[in-house]
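**Q** Structure below; questions to follow.
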Amino acid sequence: MAEVPERLLSPSKVARIFGVSRAAVIKWIRTGKIRAMEVHRQWRIPYSEVERLLRGEVLRPRRVAIYARVSGSTQKDDLERQIRALRGWVRKIYGDVEVVEVTDIGSGINTKRRGLWKLVEMARRKQVDAVVVAYKDRLTRFGFEYLEELFKAYGVKVVVAFQEEPKDYMQELMEDLVAIVTSFAARIYGRRSKKYRKVVKAVEDAVKDP
């Protein structure tokens with residue numbers, strides 16, 4: 001006899017069962033409180049997960065990596081603030097779990113960050129169950145979804161603790177913009193050309209303009 005597929009519920013239906021908002025259920029999914037899967041780009045939750053929560057069983061990782069990043073060495077105070085905020089968030093959400101701290105000082109568009117690849121290696125070796133970052137761009141400026149899928153392939157969930165970035169991150173975004181334009185201009189014109197210097201100066205002047 002063929003096995004009967006498990007019943008899958010939408011976040012809205014789960015929300016009605018627990019008397020919470022749909023947004024709360026989505027938060028449960030993103031923080032790892034409840035397991036879910038993507039079906040045609042929509043979240044679906046196995047009914048066994050609903051039963052588990054109704055029984056009061058808690059799903060939580062055994063070991064969590066918190067990852068903090070800043071773009072330059074002058075931002076070390078901000079790096080410490082990120083770490084403290086992430087420690088507090090993990091304690092609040094997951095309780096007393098083992099925490100590993102991984103940090104980087106470098107641009108979010110730099111794919112060769114030592115800390116980032118340490119995270120990937122830890123995931124590959126099954127040394128952590130979840131990676132927690134303050135904001136998406138702390139992990140990477142572009143291609144967050146690809147990294148998220150990579151970690152998922154190793155059985156590791158990427159969790160974004162906070163949704164809205166502080167306003168002071170705008171400066172870092174500007175620096176990344178200059179880095180991108182500089183890189184493309186160098187490839188197109190060559191670093192020794194007048195056009196390269198002209199393009200780079202124009203962008204630098206633009207981002208300095210309040």
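The way I read the labels, and the way they are meant: chains A, B, ... in the order of the structure tokens, residue 1 as the first residue of every chain, and ligand 1 as the first ligand shown, with later ones counted on from there.
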Give me the residues of stretch 29-134 of chain A that have any atom at most 10 Å from an atom of stretch 177-197 of chain A; for each, the nearest atom pair and the distance in Å, rounded to one decimal. Use only C-alpha atoms, sort by chain and number, and format it as JSON lines.
**A**
```
{"residue": "A:Ser107", "atom": "CA", "partner": "A:Ala179", "partner_atom": "CA", "distance": 8.8}
{"residue": "A:Ile109", "atom": "CA", "partner": "A:Ile180", "partner_atom": "CA", "distance": 8.2}
{"residue": "A:Asn110", "atom": "CA", "partner": "A:Ala179", "partner_atom": "CA", "distance": 9.9}
```
**Q** Can you list, as a VMD selection string, every protein, DNA or RNA residue that comes within 10 Å of A:Leu150 when you count only C-alpha atoms, leaving out same-chain residues fewer than 6 positions away?
**A** chain A and resid 120 123 to 124 144 156 to 158
**Q** Quick one: write out the picked residues with N, CA and C atoms as a tab-separated table (two decimals), in the first residue's frame?
**A**
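Wrote part38.tsv, looks like this:
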```
chain	number	residue	atom	x	y	z
A	120	VAL	N	30.76	28.25	6.33
A	120	VAL	CA	30.44	27.20	5.36
A	120	VAL	C	31.09	25.89	5.75
A	123	ALA	N	29.31	24.34	8.66
A	123	ALA	CA	28.05	23.73	8.21
A	123	ALA	C	28.32	22.40	7.52
A	124	ARG	N	29.34	22.39	6.68
A	124	ARG	CA	29.68	21.16	5.96
A	124	ARG	C	30.05	20.03	6.91
A	144	PHE	N	21.96	36.66	-1.19
A	144	PHE	CA	21.64	36.04	0.10
A	144	PHE	C	20.93	34.70	-0.08
A	156	VAL	N	21.62	23.30	7.65
A	156	VAL	CA	21.80	24.45	8.55
A	156	VAL	C	20.86	25.58	8.14
A	157	LYS	N	20.13	26.10	9.10
A	157	LYS	CA	19.17	27.18	8.82
A	157	LYS	C	19.83	28.54	9.03
A	158	VAL	N	19.63	29.45	8.10
A	158	VAL	CA	20.11	30.83	8.24
A	158	VAL	C	18.95	31.65	8.80
```
**Q** List every residue of stretch 3-187 of chain A that DSSP, applied to the backbone, labels as strand (DSSP E or B), and write the result as a ChimeraX atom specification.
**A** /A:8-9,37-39,42-46,63-70,98-105,130-133,157-160
**Q** Since we have the selection now, will you write its residues out, keeping C-alpha atoms, as a PDB file, in the first residue's frame?
**A**
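Now in part-v5.pdb:
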```pdb
ATOM      1  CA  LEU A   8       0.560  20.243   4.802  1.00  0.00           C
ATOM      2  CA  LEU A   9      -0.908  23.449   6.177  1.00  0.00           C
ATOM      3  CA  MET A  37       9.004  23.530   3.476  1.00  0.00           C
ATOM      4  CA  GLU A  38       8.596  25.606   0.342  1.00  0.00           C
ATOM      5  CA  VAL A  39       6.017  24.316  -2.136  1.00  0.00           C
ATOM      6  CA  GLN A  42       4.937  29.177  -0.597  1.00  0.00           C
ATOM      7  CA  TRP A  43       5.483  27.980   2.960  1.00  0.00           C
ATOM      8  CA  ARG A  44       3.780  24.747   3.924  1.00  0.00           C
ATOM      9  CA  ILE A  45       3.931  23.259   7.421  1.00  0.00           C
ATOM     10  CA  PRO A  46       3.612  19.516   8.097  1.00  0.00           C
ATOM     11  CA  ARG A  63      24.720  24.689  18.499  1.00  0.00           C
ATOM     12  CA  VAL A  64      24.291  28.131  16.924  1.00  0.00           C
ATOM     13  CA  ALA A  65      26.825  30.260  15.057  1.00  0.00           C
ATOM     14  CA  ILE A  66      26.293  34.006  15.313  1.00  0.00           C
ATOM     15  CA  TYR A  67      27.907  35.935  12.477  1.00  0.00           C
ATOM     16  CA  ALA A  68      28.705  39.650  12.662  1.00  0.00           C
ATOM     17  CA  ARG A  69      30.391  41.778  10.005  1.00  0.00           C
ATOM     18  CA  VAL A  70      31.506  45.373   9.499  1.00  0.00           C
ATOM     19  CA  GLU A  98      25.951  26.564  22.724  1.00  0.00           C
ATOM     20  CA  VAL A  99      26.987  29.646  20.731  1.00  0.00           C
ATOM     21  CA  VAL A 100      29.955  30.076  18.395  1.00  0.00           C
ATOM     22  CA  GLU A 101      30.967  33.607  17.393  1.00  0.00           C
ATOM     23  CA  VAL A 102      32.266  34.246  13.879  1.00  0.00           C
ATOM     24  CA  THR A 103      33.199  37.731  12.680  1.00  0.00           C
ATOM     25  CA  ASP A 104      34.517  39.443   9.576  1.00  0.00           C
ATOM     26  CA  ILE A 105      35.895  42.873   8.791  1.00  0.00           C
ATOM     27  CA  ALA A 130      21.828  27.372  12.640  1.00  0.00           C
ATOM     28  CA  VAL A 131      23.572  30.583  11.558  1.00  0.00           C
ATOM     29  CA  VAL A 132      22.137  33.806  12.984  1.00  0.00           C
ATOM     30  CA  VAL A 133      22.873  37.233  11.476  1.00  0.00           C
ATOM     31  CA  LYS A 157      19.174  27.178   8.825  1.00  0.00           C
ATOM     32  CA  VAL A 158      20.107  30.829   8.243  1.00  0.00           C
ATOM     33  CA  VAL A 159      18.130  33.089  10.586  1.00  0.00           C
ATOM     34  CA  VAL A 160      17.862  36.882  10.212  1.00  0.00           C
TER      35      VAL A 160
END
```
**Q** Looking at only C-alpha atoms, which of A:Ala161, A:Val50, A:Ile93, A:Leu119 is the one that sits closest to A:Asp137?
**A**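 The shortest atom-to-atom distance to A:Asp137 comes from A:Ala161.
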